[in-house]
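Have a look at final_18.txt; it's compact mmCIF, C-alpha atoms:
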```txt
# COMPACT_ATOMS: atom_id res chain seq x y z
CA MET A 690 59.19 -102.95 10.43
CA THR A 691 56.66 -104.54 8.12
CA PRO A 692 53.79 -106.20 9.96
CA THR A 693 53.48 -109.93 9.44
CA PRO A 694 50.42 -110.77 7.29
CA VAL A 695 47.93 -113.17 8.87
CA SER A 696 48.01 -115.15 5.60
CA SER A 697 51.75 -115.79 6.10
CA MET A 698 51.11 -117.01 9.64
CA LEU A 699 48.34 -119.30 8.43
CA LEU A 700 50.56 -120.73 5.67
CA VAL A 701 53.29 -121.51 8.20
CA VAL A 702 50.79 -123.11 10.59
CA VAL A 703 49.39 -125.22 7.72
CA ALA A 704 52.98 -126.20 6.85
CA SER A 705 53.59 -127.28 10.45
CA VAL A 706 50.45 -129.46 10.40
CA PHE A 707 51.43 -131.14 7.11
CA GLY A 708 54.95 -131.69 8.41
CA SER A 709 53.70 -133.29 11.63
CA PHE A 710 51.49 -135.70 9.66
CA GLY A 711 54.52 -136.46 7.51
CA MET A 712 56.23 -137.67 10.69
CA VAL A 713 53.15 -139.70 11.67
CA PHE A 714 53.34 -141.61 8.38
CA PHE A 715 57.12 -142.02 8.68
CA LYS A 716 56.54 -143.61 12.08
CA ALA A 717 53.61 -145.72 10.87
CA GLY A 718 55.71 -146.87 7.91
CA ALA A 719 58.71 -147.61 10.12
CA ASN A 720 56.51 -149.74 12.39
CA LYS A 721 55.47 -151.83 9.36
CA LEU A 722 58.99 -152.08 7.97
CA THR A 723 60.02 -155.56 6.84
CA GLY A 724 63.16 -156.76 5.08
CA GLY A 725 65.91 -154.46 3.86
CA ILE A 726 65.87 -151.78 1.16
CA ALA A 727 63.11 -153.52 -0.81
CA GLY A 728 60.87 -153.10 2.23
CA LEU A 729 61.41 -149.34 2.09
CA LEU A 730 60.38 -149.13 -1.55
CA VAL A 731 57.05 -150.92 -1.22
CA ASN A 732 55.96 -149.07 1.90
CA TRP A 733 53.17 -146.66 0.91
CA ARG A 734 53.12 -145.04 4.33
CA LEU A 735 56.70 -143.86 3.87
CA PHE A 736 55.91 -142.45 0.45
CA LEU A 737 52.93 -140.60 1.87
CA GLY A 738 55.25 -139.29 4.60
CA VAL A 739 57.68 -137.95 1.98
CA PHE A 740 54.80 -136.41 0.01
CA LEU A 741 53.41 -134.68 3.12
CA TYR A 742 56.88 -133.36 3.92
CA LEU A 743 57.30 -131.91 0.45
CA THR A 744 53.83 -130.37 0.66
CA SER A 745 54.77 -128.90 4.01
CA SER A 746 57.91 -127.28 2.60
CA VAL A 747 55.90 -125.67 -0.24
CA PHE A 748 53.56 -124.01 2.30
CA PHE A 749 56.58 -123.12 4.41
CA VAL A 750 58.38 -121.36 1.54
CA LEU A 751 55.19 -119.46 0.61
CA GLY A 752 54.62 -118.45 4.23
CA MET A 753 58.19 -117.25 4.72
CA LYS A 754 58.07 -114.85 1.77
CA HIS A 755 56.53 -111.99 3.73
CA GLY A 756 56.63 -110.87 7.32
CA GLU A 757 58.99 -111.01 10.24
CA LEU A 758 61.00 -114.15 10.79
CA SER A 759 60.98 -113.57 14.55
CA ILE A 760 57.22 -114.15 14.45
CA LEU A 761 57.16 -116.86 11.78
CA TYR A 762 59.98 -119.07 13.09
CA PRO A 763 58.38 -119.72 16.49
CA LEU A 764 55.24 -120.76 14.59
CA VAL A 765 57.32 -123.39 12.76
CA SER A 766 58.07 -125.06 16.07
CA LEU A 767 54.33 -125.67 16.45
CA GLY A 768 55.16 -128.71 14.29
CA THR A 769 56.92 -130.21 17.28
CA VAL A 770 53.85 -129.66 19.45
CA TRP A 771 51.57 -131.36 16.90
CA THR A 772 54.01 -134.24 16.50
CA LEU A 773 54.02 -134.90 20.25
CA LEU A 774 50.24 -134.73 20.28
CA TRP A 775 49.95 -137.28 17.44
CA ALA A 776 52.56 -139.53 19.10
CA ARG A 777 50.29 -139.70 22.15
CA LEU A 778 47.05 -139.97 20.17
CA PHE A 779 47.98 -142.39 17.36
CA PHE A 780 50.80 -144.43 18.89
CA GLY A 781 49.90 -144.27 22.59
CA GLU A 782 53.33 -142.96 23.56
CA ARG A 783 53.78 -141.66 27.08
CA LEU A 784 54.52 -137.96 27.29
CA THR A 785 56.71 -137.69 30.37
CA LYS A 786 57.85 -134.58 32.22
CA GLU A 787 61.34 -135.15 30.81
CA LYS A 788 60.01 -135.07 27.25
CA PHE A 789 58.14 -131.80 27.85
CA ALA A 790 61.20 -130.23 29.46
CA ALA A 791 63.47 -131.43 26.65
CA VAL A 792 61.13 -130.22 23.91
CA GLY A 793 60.79 -126.84 25.67
CA LEU A 794 64.57 -126.46 25.68
CA ILE A 795 64.91 -127.59 22.06
CA VAL A 796 62.17 -125.27 20.76
CA ALA A 797 63.68 -122.33 22.67
CA GLY A 798 67.08 -123.28 21.26
CA ILE A 799 65.82 -123.30 17.68
CA VAL A 800 64.17 -119.90 18.16
CA PHE A 801 67.49 -118.53 19.48
CA LEU A 802 69.46 -120.08 16.61
CA ASN A 803 67.13 -118.40 14.12
CA LEU A 804 67.31 -115.05 15.93
CA GLY A 805 71.08 -115.26 15.72
CA ARG A 806 71.16 -115.66 11.97
CA MET B 388 55.82 -152.28 27.64
CA SER B 389 55.40 -152.00 31.40
CA SER B 390 55.05 -155.78 31.82
CA THR B 391 58.46 -156.54 30.26
CA THR B 392 60.49 -156.26 33.41
CA VAL B 393 62.09 -159.70 32.93
CA SER B 394 65.79 -159.04 32.42
CA PRO B 395 66.52 -160.49 28.91
CA ALA B 396 63.56 -158.64 27.36
CA GLY B 397 64.44 -155.52 29.31
CA VAL B 398 68.02 -155.60 28.04
CA GLU B 399 66.76 -156.02 24.48
CA ILE B 400 64.48 -152.99 24.81
CA VAL B 401 67.32 -150.83 26.14
CA ASP B 402 69.57 -152.06 23.28
CA LYS B 403 66.94 -151.14 20.73
CA ARG B 404 66.54 -147.70 22.26
CA ARG B 405 70.31 -147.18 22.21
CA ARG B 406 70.41 -148.21 18.56
CA ALA B 407 67.55 -145.83 17.75
CA ILE B 408 69.36 -142.96 19.51
CA PHE B 409 72.57 -143.78 17.63
CA LEU B 410 70.73 -143.89 14.28
CA VAL B 411 68.97 -140.57 14.82
CA PHE B 412 72.28 -139.04 15.90
CA LEU B 413 73.87 -140.25 12.66
CA CYS B 414 70.79 -138.96 10.81
CA THR B 415 71.40 -135.42 12.16
CA VAL B 416 75.08 -135.51 11.08
CA VAL B 417 74.14 -136.68 7.57
CA GLY B 418 71.33 -134.09 7.43
CA ALA B 419 73.77 -131.32 8.36
CA ALA B 420 76.24 -132.46 5.68
CA ALA B 421 73.36 -132.44 3.17
CA GLN B 422 72.38 -128.89 4.14
CA MET B 423 75.99 -127.68 3.86
CA LEU B 424 76.35 -129.19 0.39
CA ILE B 425 73.02 -127.70 -0.74
CA LYS B 426 73.99 -124.32 0.70
CA SER B 427 77.32 -124.30 -1.12
CA GLY B 428 75.76 -125.63 -4.35
CA ALA B 429 72.83 -123.20 -4.31
CA THR B 430 75.09 -120.13 -4.56
CA THR B 431 76.24 -121.19 -8.02
CA VAL B 432 72.71 -121.75 -9.40
CA THR B 433 72.11 -119.17 -12.13
CA GLN B 434 68.89 -120.24 -13.82
CA PRO B 435 65.85 -119.15 -11.77
CA GLY B 436 62.52 -120.90 -11.25
CA PHE B 437 61.33 -124.44 -10.83
CA ILE B 438 62.93 -125.88 -14.01
CA GLY B 439 66.20 -124.18 -13.13
CA ALA B 440 66.08 -125.79 -9.68
CA ILE B 441 65.48 -129.27 -11.14
CA VAL B 442 68.30 -128.87 -13.71
CA ALA B 443 70.67 -127.61 -10.99
CA MET B 444 69.73 -130.54 -8.72
CA LEU B 445 70.86 -132.97 -11.43
CA THR B 446 73.88 -131.17 -12.91
CA ASN B 447 75.41 -129.31 -9.95
CA PRO B 448 77.60 -131.85 -8.06
CA PRO B 449 77.30 -130.36 -4.53
CA LEU B 450 73.52 -130.01 -4.91
CA PHE B 451 73.19 -133.53 -6.31
CA ALA B 452 75.31 -134.95 -3.47
CA GLY B 453 73.32 -132.91 -0.96
CA TYR B 454 69.98 -134.26 -2.12
CA CYS B 455 71.35 -137.83 -2.20
CA LEU B 456 72.45 -137.37 1.41
CA TYR B 457 68.94 -136.12 2.22
CA GLY B 458 67.63 -139.43 0.93
CA PHE B 459 70.11 -141.32 3.10
CA ASN B 460 69.14 -139.07 6.02
CA THR B 461 65.47 -140.03 5.56
CA ILE B 462 66.31 -143.76 5.53
CA LEU B 463 68.31 -143.39 8.77
CA MET B 464 65.40 -141.51 10.35
CA VAL B 465 62.94 -144.26 9.39
CA LEU B 466 65.27 -146.92 10.84
CA ALA B 467 65.54 -144.89 14.05
CA LEU B 468 61.74 -144.57 14.19
CA ARG B 469 61.36 -148.34 13.83
CA ASP B 470 62.99 -148.90 17.22
CA GLY B 471 62.33 -145.59 18.93
CA GLU B 472 59.29 -143.60 19.98
CA LEU B 473 58.22 -140.75 17.70
CA SER B 474 58.02 -138.39 20.68
CA LEU B 475 61.66 -139.21 21.44
CA ILE B 476 63.24 -139.42 17.99
CA TYR B 477 61.60 -136.37 16.43
CA PRO B 478 62.88 -133.74 18.91
CA VAL B 479 66.45 -135.10 18.60
CA ILE B 480 66.48 -134.22 14.88
CA ALA B 481 66.86 -130.58 15.99
CA LEU B 482 70.54 -131.39 16.57
CA THR B 483 70.90 -130.92 12.80
CA TYR B 484 70.59 -127.14 13.33
CA VAL B 485 73.40 -127.25 15.88
CA TRP B 486 75.79 -128.99 13.45
CA VAL B 487 74.81 -126.64 10.62
CA THR B 488 75.44 -123.57 12.80
CA ILE B 489 78.85 -124.85 13.94
CA LEU B 490 79.91 -126.03 10.46
CA SER B 491 78.79 -122.73 8.89
CA MET B 492 81.21 -120.91 11.17
CA PHE B 493 84.13 -122.88 9.75
CA VAL B 494 83.03 -123.38 6.16
CA PHE B 495 81.21 -120.13 5.37
CA HIS B 496 82.90 -118.01 8.07
CA GLU B 497 79.55 -117.02 9.55
CA PRO B 498 80.09 -115.14 12.81
CA MET B 499 79.17 -116.58 16.21
CA ASN B 500 76.94 -114.49 18.46
CA ILE B 501 75.22 -114.73 21.83
CA PHE B 502 71.90 -115.91 20.30
CA LYS B 503 73.55 -118.78 18.45
CA ALA B 504 75.56 -119.77 21.53
CA CYS B 505 72.40 -119.83 23.70
CA GLY B 506 70.54 -121.72 20.98
CA ILE B 507 73.21 -124.40 20.72
CA ALA B 508 73.37 -124.76 24.52
CA ALA B 509 69.58 -125.10 24.83
CA VAL B 510 69.20 -127.66 22.02
CA VAL B 511 72.10 -129.76 23.32
CA ALA B 512 70.67 -129.62 26.86
CA GLY B 513 67.26 -130.71 25.56
CA VAL B 514 68.71 -133.63 23.62
CA ALA B 515 70.78 -134.64 26.65
CA VAL B 516 67.61 -134.76 28.78
CA LEU B 517 65.94 -137.00 26.17
CA GLY B 518 69.01 -139.21 25.88
CA ARG B 519 69.24 -139.68 29.62
CA SER B 520 65.57 -140.46 30.10
CA SER B 521 65.58 -143.01 27.27
CA THR B 522 68.68 -145.00 28.15
CA ALA B 523 68.14 -144.95 31.90
CA ALA B 524 64.72 -146.60 31.66
```
Written as structure tokens, how would this file's structure read?
Amino acid sequence: MTPTPVSSMLLVVVASVFGSFGMVFFKAGANKLTGGIAGLLVNWRLFLGVFLYLTSSVFFVLGMKHGELSILYPLVSLGTVWTLLWARLFFGERLTKEKFAAVGLIVAGIVFLNLGR
Amino acid sequence: MSSTTVSPAGVEIVDKRRRAIFLVFLCTVVGAAAQMLIKSGATTVTQPGFIGAIVAMLTNPPLFAGYCLYGFNTILMVLALRDGELSLIYPVIALTYVWVTILSMFVFHEPMNIFKACGIAAVVAGVAVLGRSSTAA
């Protein structure tokens, strides 16, 4: 087994942070959405969201090149944790017990799905 | 939000949440279709590197269709986010992995195993908990 380089872990964590901010701008853009398809095209927040997502996937691909997937994939789900944190912080959403339980199940599920590949 | 207990406003909020849940559900189905198309298109890409990827994206029909569906997927997600909370909509997107795993069994004949079965069960259970908590309120 090849040990997972710390640099790979860092790249994946950076990817998860970029991805979570991508979601923040998607939400911020969605909140400001007015009038049909034209409204989508003039919404800079949405474009920034797309850009952050693409940036995130570049870091993700670089991070996934070396090391064990069983260590790196759980790190990817950190993105979900950040996203919940930002939802609370920037949009004042309530984080209920149900949400924590659901996210716990979903993150565990994704880890299992990746282990099964 | 907590002050809107008057029934017409309350009904409207529940309707909006239902619509958001429906949109994100649709978004996961479209996202899975996009991934399947990209997966099947990517196997026929011969030219390596960044330029090769761009050329393939434009000339390879399954890849092109897959990326178009990704665009549609993003629009559906934004529409879902307009009416739904980020902390609710985002976790549901994980359903995409469930559809991809199931579809890959049929389309690419990938074998099922205990990890995948547990993964599917856990994600579906998680989404069900979110769905219940959002439409019951």
Should the cut-off be 9 Å, what would the residue list for chain A against chain B look like, counting all atoms listed in the file, as a ChimeraX atom specification? /A:712-713,715-722,729,735,739,769,772-777,780,782-784,787-788,790-806
Edge lengths and centre in Å, axis-aligned, stretch 403-412 of chain B plus 4 Å each side, as JSON:
```
{"center_x": 69.6, "center_y": -145.1, "center_z": 18.3, "size_x": 14.0, "size_y": 20.1, "size_z": 16.0}
```
May I ask which of the residues A:Gly728, A:Gly756, A:Gly768, A:Gly781 is the closest one to A:Ala704, counting only C-alpha atoms? A:Gly768
Counting all atoms listed in the file, select every polymer residue within 12 Å of (72.0, -140.5, 5.7) as defined in the file's coordinates, and provide the selection as number ranges by chain. B: 410-422, 452-467, 483
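One distance worth recording is that between atom CA of A:Pro763 and atom CA of A:Val703, which is 13.7 Å.
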Between atom CA of A:Phe740 and atom CA of B:Gly436, what is the spacing in Å? 20.7 Å
Write out as a PDB file with C-alpha atoms, in the frame of the given file the residues lying within 8 Å of A:Gly752, counting all atoms listed in the file and excluding same-chain residues fewer than 6 positions away.
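Output file part_28.pdb follows:
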```pdb
ATOM      1  CA  SER A 696      48.010-115.150   5.600  1.00  0.00           C
ATOM      2  CA  SER A 697      51.750-115.790   6.100  1.00  0.00           C
ATOM      3  CA  MET A 698      51.110-117.010   9.640  1.00  0.00           C
ATOM      4  CA  LEU A 699      48.340-119.300   8.430  1.00  0.00           C
ATOM      5  CA  LEU A 700      50.560-120.730   5.670  1.00  0.00           C
ATOM      6  CA  VAL A 701      53.290-121.510   8.200  1.00  0.00           C
TER       7      VAL A 701
END
```
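Between atom CA of A:Asn732 and atom CA of A:Gly708 there is a distance of 18.6 Å.
You can rank A:Thr693, A:Thr744, A:Ser709, A:Thr785 by their closest distance to A:Tyr762 using all atoms listed in the file, and at the top of that list sits A:Thr693.
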Taking the partial coordinates given, rebuild stretch 433-463 of chain B to contain N, CA and C atoms; return it as a CSV table (one decimal), in the frame of the given file.
```
chain,number,residue,atom,x,y,z
B,433,THR,N,72.4,-120.4,-11.4
B,433,THR,CA,72.1,-119.2,-12.1
B,433,THR,C,70.7,-119.1,-12.7
B,434,GLN,N,70.2,-120.3,-13.2
B,434,GLN,CA,68.9,-120.2,-13.8
B,434,GLN,C,67.8,-120.2,-12.8
B,435,PRO,N,66.9,-119.2,-12.8
B,435,PRO,CA,65.8,-119.2,-11.8
B,435,PRO,C,64.7,-120.1,-12.0
B,436,GLY,N,63.8,-120.2,-11.1
B,436,GLY,CA,62.5,-120.9,-11.2
B,436,GLY,C,62.6,-122.4,-11.0
B,437,PHE,N,61.5,-123.0,-11.2
B,437,PHE,CA,61.3,-124.4,-10.8
B,437,PHE,C,62.2,-125.3,-11.7
B,438,ILE,N,62.1,-125.1,-13.1
B,438,ILE,CA,62.9,-125.9,-14.0
B,438,ILE,C,64.4,-125.7,-13.7
B,439,GLY,N,64.8,-124.5,-13.5
B,439,GLY,CA,66.2,-124.2,-13.1
B,439,GLY,C,66.6,-125.0,-11.9
B,440,ALA,N,65.8,-125.1,-10.9
B,440,ALA,CA,66.1,-125.8,-9.7
B,440,ALA,C,66.3,-127.3,-10.0
B,441,ILE,N,65.4,-127.8,-10.8
B,441,ILE,CA,65.5,-129.3,-11.1
B,441,ILE,C,66.8,-129.6,-11.9
B,442,VAL,N,67.1,-128.7,-12.9
B,442,VAL,CA,68.3,-128.9,-13.7
B,442,VAL,C,69.5,-128.8,-12.8
B,443,ALA,N,69.5,-127.8,-11.9
B,443,ALA,CA,70.7,-127.6,-11.0
B,443,ALA,C,70.8,-128.8,-10.1
B,444,MET,N,69.7,-129.4,-9.6
B,444,MET,CA,69.7,-130.5,-8.7
B,444,MET,C,70.5,-131.7,-9.4
B,445,LEU,N,70.3,-131.8,-10.7
B,445,LEU,CA,70.9,-133.0,-11.4
B,445,LEU,C,72.3,-132.7,-12.0
B,446,THR,N,72.6,-131.5,-12.2
B,446,THR,CA,73.9,-131.2,-12.9
B,446,THR,C,74.9,-130.5,-12.0
B,447,ASN,N,74.5,-130.0,-10.9
B,447,ASN,CA,75.4,-129.3,-10.0
B,447,ASN,C,75.9,-130.3,-8.9
B,448,PRO,N,77.2,-130.8,-8.9
B,448,PRO,CA,77.6,-131.8,-8.1
B,448,PRO,C,77.3,-131.7,-6.6
B,449,PRO,N,77.6,-130.5,-6.0
B,449,PRO,CA,77.3,-130.4,-4.5
B,449,PRO,C,75.8,-130.5,-4.2
B,450,LEU,N,75.0,-129.9,-5.1
B,450,LEU,CA,73.5,-130.0,-4.9
B,450,LEU,C,73.1,-131.5,-5.0
B,451,PHE,N,73.6,-132.1,-6.1
B,451,PHE,CA,73.2,-133.5,-6.3
B,451,PHE,C,73.6,-134.4,-5.1
B,452,ALA,N,74.8,-134.2,-4.6
B,452,ALA,CA,75.3,-135.0,-3.5
B,452,ALA,C,74.5,-134.6,-2.2
B,453,GLY,N,74.1,-133.3,-2.1
B,453,GLY,CA,73.3,-132.9,-1.0
B,453,GLY,C,72.0,-133.6,-0.9
B,454,TYR,N,71.3,-133.6,-2.1
B,454,TYR,CA,70.0,-134.3,-2.1
B,454,TYR,C,70.1,-135.8,-1.9
B,455,CYS,N,71.2,-136.4,-2.4
B,455,CYS,CA,71.4,-137.8,-2.2
B,455,CYS,C,71.5,-138.1,-0.7
B,456,LEU,N,72.3,-137.2,0.0
B,456,LEU,CA,72.4,-137.4,1.4
B,456,LEU,C,71.1,-137.2,2.1
B,457,TYR,N,70.3,-136.3,1.6
B,457,TYR,CA,68.9,-136.1,2.2
B,457,TYR,C,68.1,-137.4,2.2
B,458,GLY,N,68.3,-138.1,1.0
B,458,GLY,CA,67.6,-139.4,0.9
B,458,GLY,C,68.2,-140.4,2.0
B,459,PHE,N,69.5,-140.5,2.1
B,459,PHE,CA,70.1,-141.3,3.1
B,459,PHE,C,69.7,-140.9,4.5
B,460,ASN,N,69.6,-139.6,4.8
B,460,ASN,CA,69.1,-139.1,6.0
B,460,ASN,C,67.7,-139.6,6.4
B,461,THR,N,66.9,-139.6,5.3
B,461,THR,CA,65.5,-140.0,5.6
B,461,THR,C,65.4,-141.5,5.9
B,462,ILE,N,66.3,-142.3,5.2
B,462,ILE,CA,66.3,-143.8,5.5
B,462,ILE,C,66.8,-144.0,7.0
B,463,LEU,N,67.8,-143.3,7.4
B,463,LEU,CA,68.3,-143.4,8.8
B,463,LEU,C,67.2,-143.0,9.8
```
